[in-house]
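Trainee: Just upload-v5.txt, nothing more (compact mmCIF, C-alpha atoms and all ligand atoms):
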```
# COMPACT_ATOMS: atom_id res chain seq x y z
CA MET A 106 31.13 -12.76 -9.04
CA PRO A 107 30.91 -11.76 -12.73
CA THR A 108 28.82 -8.61 -12.79
CA ASP A 109 27.32 -9.32 -16.20
CA THR A 110 25.18 -12.08 -14.76
CA LEU A 111 23.73 -9.95 -11.97
CA PRO A 112 20.19 -8.68 -12.45
CA GLN A 113 21.25 -5.11 -13.11
CA PRO A 114 24.65 -3.48 -13.24
CA GLY A 115 25.85 -1.80 -10.11
CA LYS A 116 24.79 1.74 -9.37
CA THR A 117 25.91 3.97 -12.19
CA PRO A 118 26.66 7.49 -10.99
CA GLY A 119 25.00 10.10 -13.15
CA LYS A 120 22.79 7.65 -15.00
CA PRO A 121 19.75 9.58 -16.29
CA ALA A 122 16.59 8.63 -14.46
CA GLY A 123 13.62 8.60 -16.82
CA GLU A 124 10.08 7.86 -15.82
CA LEU A 125 9.38 4.13 -15.77
CA ILE A 126 5.85 3.85 -14.39
CA ARG A 127 3.00 6.32 -14.69
CA LEU A 128 -0.58 6.07 -13.47
CA GLU A 129 -2.95 8.80 -14.63
CA ARG A 130 -6.42 9.23 -13.21
CA VAL A 131 -6.66 5.51 -12.54
CA THR A 132 -9.95 4.36 -11.10
CA LYS A 133 -10.68 0.79 -10.05
CA ARG A 134 -14.00 -0.39 -8.69
CA PHE A 135 -15.10 -3.73 -7.36
CA GLY A 136 -18.88 -3.52 -7.68
CA THR A 137 -19.87 -0.37 -5.81
CA ASN A 138 -16.56 -0.24 -3.92
CA THR A 139 -14.28 2.39 -5.51
CA VAL A 140 -10.85 1.15 -4.49
CA LEU A 141 -8.70 3.53 -6.53
CA ASP A 142 -10.12 6.95 -7.21
CA HIS A 143 -8.53 8.96 -10.04
CA LEU A 144 -5.10 8.00 -8.81
CA ASP A 145 -2.01 9.74 -10.20
CA PHE A 146 1.58 8.90 -9.49
CA SER A 147 4.80 8.04 -11.25
CA VAL A 148 8.02 6.21 -10.47
CA ASP A 149 11.36 7.13 -12.02
CA ALA A 150 13.78 4.46 -13.19
CA GLY A 151 16.12 3.31 -10.46
CA LYS A 152 14.05 4.77 -7.63
CA HIS A 153 12.60 2.90 -4.67
CA VAL A 154 9.06 3.93 -3.90
CA THR A 155 7.09 2.55 -0.97
CA LEU A 156 3.33 2.56 -0.59
CA ILE A 157 2.02 2.76 2.94
CA GLY A 158 -1.49 3.15 4.26
CA PRO A 159 -4.30 1.41 6.07
CA SER A 160 -5.49 -2.05 5.20
CA GLY A 161 -7.89 -1.96 2.29
CA SER A 162 -6.67 1.38 0.96
CA GLY A 163 -5.85 -0.12 -2.46
CA LYS A 164 -2.09 -0.69 -2.33
CA THR A 165 -2.10 -4.29 -3.55
CA THR A 166 -4.63 -3.39 -6.23
CA ILE A 167 -2.06 -1.02 -7.76
CA LEU A 168 0.53 -3.79 -8.00
CA ARG A 169 -2.03 -6.16 -9.50
CA LEU A 170 -2.95 -3.57 -12.13
CA LEU A 171 0.72 -3.17 -13.04
CA MET A 172 1.02 -6.94 -13.38
CA THR A 173 -2.06 -6.85 -15.69
CA LEU A 174 -3.83 -9.21 -13.29
CA LEU A 175 -6.58 -6.58 -13.10
CA LYS A 176 -7.87 -3.91 -15.50
CA PRO A 177 -8.62 -0.33 -14.49
CA ASP A 178 -12.11 1.03 -15.05
CA GLU A 179 -10.72 4.43 -16.05
CA GLY A 180 -7.38 6.08 -16.58
CA THR A 181 -4.09 5.07 -18.14
CA ILE A 182 -1.11 3.09 -16.92
CA THR A 183 2.20 3.18 -18.76
CA VAL A 184 5.34 1.15 -18.13
CA ASP A 185 8.52 2.25 -19.89
CA GLY A 186 6.46 4.42 -22.24
CA GLN A 187 4.07 1.63 -23.27
CA GLN A 188 0.42 1.82 -22.38
CA LEU A 189 -0.92 -1.25 -20.59
CA PHE A 190 -4.62 -0.95 -21.41
CA PRO A 191 -5.44 -1.32 -24.21
CA ALA A 192 -2.51 -3.37 -25.42
CA SER A 193 -2.21 -6.45 -27.62
CA ASP A 194 -1.35 -9.79 -25.99
CA LYS A 195 2.13 -9.49 -27.47
CA GLN A 196 2.61 -6.00 -26.00
CA VAL A 197 1.38 -7.20 -22.60
CA ARG A 198 3.84 -10.10 -22.69
CA GLU A 199 6.66 -7.66 -23.50
CA ILE A 200 5.68 -5.32 -20.67
CA ARG A 201 5.35 -8.17 -18.20
CA LYS A 202 8.92 -9.24 -18.94
CA LYS A 203 10.00 -5.87 -17.57
CA ILE A 204 8.22 -6.44 -14.27
CA GLY A 205 9.16 -8.89 -11.53
CA MET A 206 6.85 -9.46 -8.62
CA VAL A 207 7.29 -11.06 -5.23
CA PHE A 208 4.12 -11.85 -3.32
CA GLN A 209 3.32 -12.63 0.31
CA GLN A 210 3.16 -16.30 -0.60
CA PHE A 211 6.28 -17.65 -2.24
CA ASN A 212 4.54 -19.84 -4.85
CA LEU A 213 7.63 -21.90 -5.64
CA PHE A 214 7.29 -25.08 -7.71
CA PRO A 215 7.46 -27.79 -5.01
CA ASN A 216 8.74 -30.53 -7.31
CA MET A 217 11.68 -28.55 -8.67
CA THR A 218 15.00 -27.86 -7.01
CA VAL A 219 15.78 -24.33 -5.91
CA LEU A 220 18.06 -23.89 -8.93
CA ARG A 221 15.40 -25.11 -11.33
CA ASN A 222 12.80 -22.81 -9.78
CA ILE A 223 15.07 -19.89 -10.69
CA THR A 224 16.13 -21.06 -14.16
CA GLU A 225 12.74 -22.22 -15.44
CA ALA A 226 11.28 -18.90 -16.58
CA PRO A 227 14.49 -17.51 -18.15
CA VAL A 228 14.73 -20.73 -20.20
CA THR A 229 11.08 -21.11 -21.17
CA VAL A 230 10.04 -17.45 -21.43
CA LEU A 231 13.26 -15.70 -22.49
CA GLY A 232 14.71 -18.63 -24.44
CA MET A 233 17.97 -18.53 -22.50
CA SER A 234 20.26 -21.58 -22.58
CA ARG A 235 20.19 -23.78 -19.44
CA ASP A 236 23.90 -23.08 -18.92
CA GLU A 237 23.49 -19.32 -18.98
CA ALA A 238 20.35 -19.44 -16.83
CA GLY A 239 22.18 -21.74 -14.38
CA GLU A 240 25.14 -19.38 -14.15
CA ARG A 241 22.86 -16.44 -13.47
CA ALA A 242 20.86 -18.43 -10.92
CA ARG A 243 24.03 -19.30 -9.03
CA ASP A 244 25.00 -15.61 -8.87
CA LEU A 245 21.53 -14.76 -7.63
CA LEU A 246 21.64 -17.48 -4.99
CA ASP A 247 24.90 -15.93 -3.79
CA LEU A 248 23.17 -12.56 -3.68
CA VAL A 249 20.31 -13.88 -1.52
CA GLY A 250 22.67 -15.94 0.68
CA LEU A 251 21.52 -19.39 -0.42
CA ALA A 252 24.42 -20.69 -2.51
CA ASP A 253 24.40 -23.94 -0.56
CA LYS A 254 20.70 -24.62 -1.16
CA ARG A 255 20.59 -24.87 -4.92
CA ASP A 256 19.81 -28.60 -4.97
CA ALA A 257 17.27 -28.45 -2.14
CA ARG A 258 13.51 -28.64 -2.67
CA PRO A 259 11.39 -25.72 -1.44
CA THR A 260 9.81 -27.88 1.29
CA GLN A 261 13.26 -28.37 2.84
CA LEU A 262 13.64 -24.60 3.32
CA SER A 263 12.30 -22.20 5.93
CA GLY A 264 9.72 -19.63 4.86
CA GLY A 265 12.39 -16.92 4.86
CA GLN A 266 14.66 -19.02 2.66
CA GLN A 267 11.77 -19.76 0.30
CA GLN A 268 11.02 -16.07 0.04
CA ARG A 269 14.67 -15.37 -0.77
CA VAL A 270 14.44 -17.96 -3.55
CA ALA A 271 11.31 -16.19 -4.80
CA ILE A 272 13.26 -12.91 -4.88
CA ALA A 273 16.07 -14.58 -6.84
CA ARG A 274 13.50 -16.08 -9.21
CA ALA A 275 11.98 -12.67 -9.89
CA LEU A 276 15.41 -11.12 -10.50
CA ALA A 277 16.43 -13.95 -12.85
CA MET A 278 14.16 -12.42 -15.50
CA ARG A 279 16.21 -9.22 -15.29
CA PRO A 280 13.14 -7.07 -14.77
CA GLN A 281 13.43 -3.30 -14.85
CA VAL A 282 11.11 -3.03 -11.90
CA LEU A 283 10.54 -5.22 -8.89
CA LEU A 284 7.11 -5.11 -7.28
CA LEU A 285 7.11 -6.26 -3.67
CA ASP A 286 3.77 -6.97 -2.05
CA GLU A 287 4.10 -7.36 1.72
CA VAL A 288 6.77 -9.98 1.16
CA THR A 289 7.37 -10.62 4.84
CA SER A 290 3.75 -10.73 6.02
CA ALA A 291 3.46 -14.51 5.89
CA LEU A 292 6.76 -15.14 7.68
CA ASP A 293 7.45 -16.06 11.27
CA PRO A 294 8.83 -12.94 12.99
CA GLU A 295 12.36 -14.33 13.36
CA LEU A 296 12.63 -14.82 9.59
CA VAL A 297 11.61 -11.30 8.59
CA ALA A 298 14.96 -9.58 9.16
CA GLY A 299 16.89 -11.95 6.85
CA VAL A 300 14.55 -11.26 3.92
CA LEU A 301 14.55 -7.51 4.51
CA ASP A 302 18.37 -7.52 4.69
CA VAL A 303 18.52 -9.20 1.27
CA LEU A 304 16.16 -6.58 -0.17
CA ARG A 305 18.16 -3.75 1.42
CA ASP A 306 21.25 -5.19 -0.22
CA ILE A 307 19.53 -5.39 -3.62
CA ALA A 308 18.25 -1.82 -3.24
CA ARG A 309 21.74 -0.60 -2.38
CA SER A 310 23.78 -2.57 -4.90
CA THR A 311 21.66 -2.59 -8.06
CA ASP A 312 19.89 -0.09 -10.30
CA ILE A 313 16.58 -1.90 -10.16
CA THR A 314 13.44 0.16 -9.67
CA MET A 315 11.36 -0.96 -6.69
CA LEU A 316 7.71 -0.39 -5.93
CA CYS A 317 7.03 -1.81 -2.56
CA VAL A 318 3.96 -2.33 -0.38
CA THR A 319 5.02 -2.95 3.19
CA HIS A 320 3.96 -2.67 6.78
CA GLU A 321 7.64 -2.70 7.82
CA MET A 322 8.16 1.00 8.43
CA GLY A 323 11.86 0.67 9.38
CA PHE A 324 12.51 -1.04 6.07
CA ALA A 325 10.50 1.61 4.19
CA ARG A 326 12.55 4.31 5.88
CA ASP A 327 15.82 2.59 4.94
CA ILE A 328 15.27 1.84 1.27
CA SER A 329 12.84 4.44 0.00
CA ASP A 330 13.58 7.45 -2.15
CA GLN A 331 9.93 8.32 -1.85
CA VAL A 332 7.06 7.20 0.40
CA LEU A 333 3.45 7.51 -0.75
CA MET A 334 0.76 7.54 1.90
CA PHE A 335 -2.49 6.08 0.63
CA ASP A 336 -5.95 6.51 1.93
CA SER A 337 -9.28 5.69 0.30
CA GLY A 338 -7.75 5.04 -3.10
CA ARG A 339 -5.69 8.22 -3.34
CA VAL A 340 -2.21 9.37 -2.48
CA ILE A 341 -2.84 11.82 0.33
CA GLU A 342 0.79 12.63 1.03
CA ALA A 343 4.11 11.94 -0.69
CA GLY A 344 7.67 12.73 0.22
CA SER A 345 11.04 11.53 1.39
CA PRO A 346 11.03 8.99 4.22
CA GLU A 347 12.47 11.68 6.51
CA LYS A 348 9.52 13.95 5.77
CA ILE A 349 6.78 11.33 5.92
CA PHE A 350 8.03 9.57 9.05
CA SER A 351 9.32 12.61 10.95
CA GLU A 352 7.16 15.52 9.81
CA PRO A 353 3.95 14.22 8.22
CA GLU A 354 1.64 17.03 7.17
CA GLN A 355 -1.65 15.20 7.03
CA ALA A 356 -3.54 14.28 10.18
CA ARG A 357 -4.49 10.97 8.54
CA THR A 358 -0.80 10.12 8.00
CA ARG A 359 0.04 11.00 11.61
CA GLU A 360 -2.84 8.84 12.83
CA PHE A 361 -1.76 5.90 10.66
CA LEU A 362 1.88 6.14 11.70
CA SER A 363 1.08 6.42 15.37
CA ALA A 364 -0.91 3.19 15.06
CA VAL A 365 1.84 1.24 13.32
CA LEU A 366 5.10 2.64 14.68
N1 LIG A 401 -10.85 -9.23 -6.48
C1 LIG A 401 -11.51 -8.44 -5.64
N2 LIG A 401 -12.86 -8.43 -5.61
C2 LIG A 401 -13.56 -7.62 -4.78
N3 LIG A 401 -12.97 -6.73 -3.94
C3 LIG A 401 -11.63 -6.69 -3.91
C4 LIG A 401 -10.83 -7.52 -4.76
N4 LIG A 401 -9.53 -7.24 -4.53
C5 LIG A 401 -9.50 -6.28 -3.59
N5 LIG A 401 -10.77 -5.94 -3.22
C6 LIG A 401 -11.12 -4.90 -2.23
O1 LIG A 401 -10.42 -3.75 -2.59
C7 LIG A 401 -10.01 -3.03 -1.43
C8 LIG A 401 -8.53 -2.74 -1.51
O2 LIG A 401 -7.81 -3.96 -1.44
P1 LIG A 401 -6.22 -3.99 -1.49
O3 LIG A 401 -5.84 -5.43 -1.30
O4 LIG A 401 -5.72 -3.31 -2.70
O5 LIG A 401 -5.85 -3.14 -0.21
P2 LIG A 401 -4.47 -2.97 0.53
O6 LIG A 401 -4.29 -1.52 0.76
O7 LIG A 401 -3.39 -3.70 -0.21
O8 LIG A 401 -4.75 -3.70 1.91
P3 LIG A 401 -3.81 -4.62 2.84
O9 LIG A 401 -2.80 -3.68 3.44
O10 LIG A 401 -4.77 -5.17 3.85
O11 LIG A 401 -3.25 -5.69 1.96
C9 LIG A 401 -10.44 -3.87 -0.24
O12 LIG A 401 -11.65 -3.33 0.23
C10 LIG A 401 -10.66 -5.25 -0.83
O13 LIG A 401 -11.64 -5.93 -0.11
```
What would you get if you wrote out this structure as structure tokens?

Mentor:
Amino acid sequence: MPTDTLPQPGKTPGKPAGELIRLERVTKRFGTNTVLDHLDFSVDAGKHVTLIGPSGSGKTTILRLLMTLLKPDEGTITVDGQQLFPASDKQVREIRKKIGMVFQQFNLFPNMTVLRNITEAPVTVLGMSRDEAGERARDLLDLVGLADKRDARPTQLSGGQQQRVAIARALAMRPQVLLLDEVTSALDPELVAGVLDVLRDIARSTDITMLCVTHEMGFARDISDQVLMFDSGRVIEAGSPEKIFSEPEQARTREFLSAVL
């Protein structure tokens, strides 16, 4: 497979890891509900960071802020050195090109083939030629194990296959960061492993930065450089997966893990 059409070059030993995402004192309220409370954290380029924590603790809200689907009430968010709020529409469009997101629901275009689902945004948003976008899409379909499905329609695929197409579609834009929001939560249990294997492979074989919300603790342990434990809108504990899963310091983290592991 020609490496220049892959989403990111293979791991580059010694590549400097600058900061890609920074949240400073970010507060988000919905009415009287303070969901994020002066939240600080950062993600370095090329790192895989996983957010864990109880339901309703604000994990998805962080991803939606980064996608500019929501605005913070206070604080600053920067992506690759550019502030997200305030930013002009043009700046927001530029920042959003750097971010790929995969949601719980696959949201594929039902009337397009798998290949077209993947090539559409590179052609219409990045202005790439159909040939180049098609070549890249075929490489990505190889990567997610669906080379034989390129002419299928989404409805002919299982949920797990549709989610793998959604992952390929996000990577087709060559984002610097991939946001993953509970991407296996809507899948039948027997389809979860295939999707997680694809993501493990992407984490291992590319330089892409990942910020991941998941309830799959085994997966979090496998791919993460850092795990952030959230509670009530704050990071209450952060560390390597070994530390968080084996020697958590906070009683709240221990309580959460004993409920989910
Ligand atoms: N658009 C919205 N309007 C009002 N409240 C919202 C909105 N979006 C989220 N919330 C509330 O914000 C809180 C945090 O939600 P969020 O989805 O970020 O949590 P989470 O940690 O991702 O939870 P889960 O693990 O269940 O997905 C919840 O109390 C939720 O009800």

Trainee: Which one of A:Gln281, A:Gln210, A:Ser351, A:Thr173 sits closest to A:Ser193 if you count all atoms listed in the file?

Mentor: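 Of the candidates, the smallest distance to A:Ser193 is held by A:Thr173.
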
Trainee: From the options A:Ser263, A:Ser290, A:Gln187, A:Ser329, which residue's atoms come nearest to ligand LIG 401 (chain A), counting only C-alpha atoms and all ligand atoms?

Mentor: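 Of all the options, A:Ser290 lies closest to ligand LIG 401 (chain A).
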
Trainee: Here is a test: counting only C-alpha atoms and all ligand atoms, which residue of A:Phe335, A:Phe324, A:Phe208, A:Phe190 is nearest to ligand LIG 401 (chain A)?

Mentor: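 When distances to ligand LIG 401 (chain A) are compared using only C-alpha atoms and all ligand atoms, the smallest one comes from A:Phe335.
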
Trainee: With all atoms listed in the file as the atoms that count, which of A:Thr319, A:Thr218, A:Thr224, A:Thr229 lies nearest to A:Leu262?

Mentor: A:Thr218

Trainee: Report the distance between atom CA of A:Glu179 and atom CA of A:Thr132 in Å, rounded to one decimal place.

Mentor: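 Straight-line distance from atom CA of A:Glu179 to atom CA of A:Thr132 works out to 5.0 Å.
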
Trainee: Please check which protein, DNA or RNA residues sit within 7 Å of ligand LIG 401 (chain A), counting all atoms listed in the file, and write them as a ChimeraX atom specification.

Mentor: /A:135,140,158-167

Trainee: Expressed in Å to a single decimal, how great is the separation between atom CA of A:Cys317 and atom CA of A:Leu285?

Mentor: 4.6 Å

Trainee: Need the shell around A:Ala298: protein/DNA/RNA residues with any atom at most 12 Å away, counting all atoms listed in the file. Skip same-chain ones fewer than 2 positions apart. Format as a list in words?

Mentor: Gly265, Gln266, Gln268, Arg269, Val288, Thr289, Ser290, Leu292, Asp293, Pro294, Glu295, Leu296, Val300, Leu301, Asp302, Val303, Leu304, Arg305, Glu321, Gly323 and Phe324 of chain A

Trainee: Give me the residues within 12 Å of A:Arg201 as a PyMOL selection string, counting all atoms listed in the file and dropping any in the same chain fewer than 2 places off.

Mentor: chain A and resi 169-174+183-185+187-189+192+194-199+203-206+230-231+275+278-284
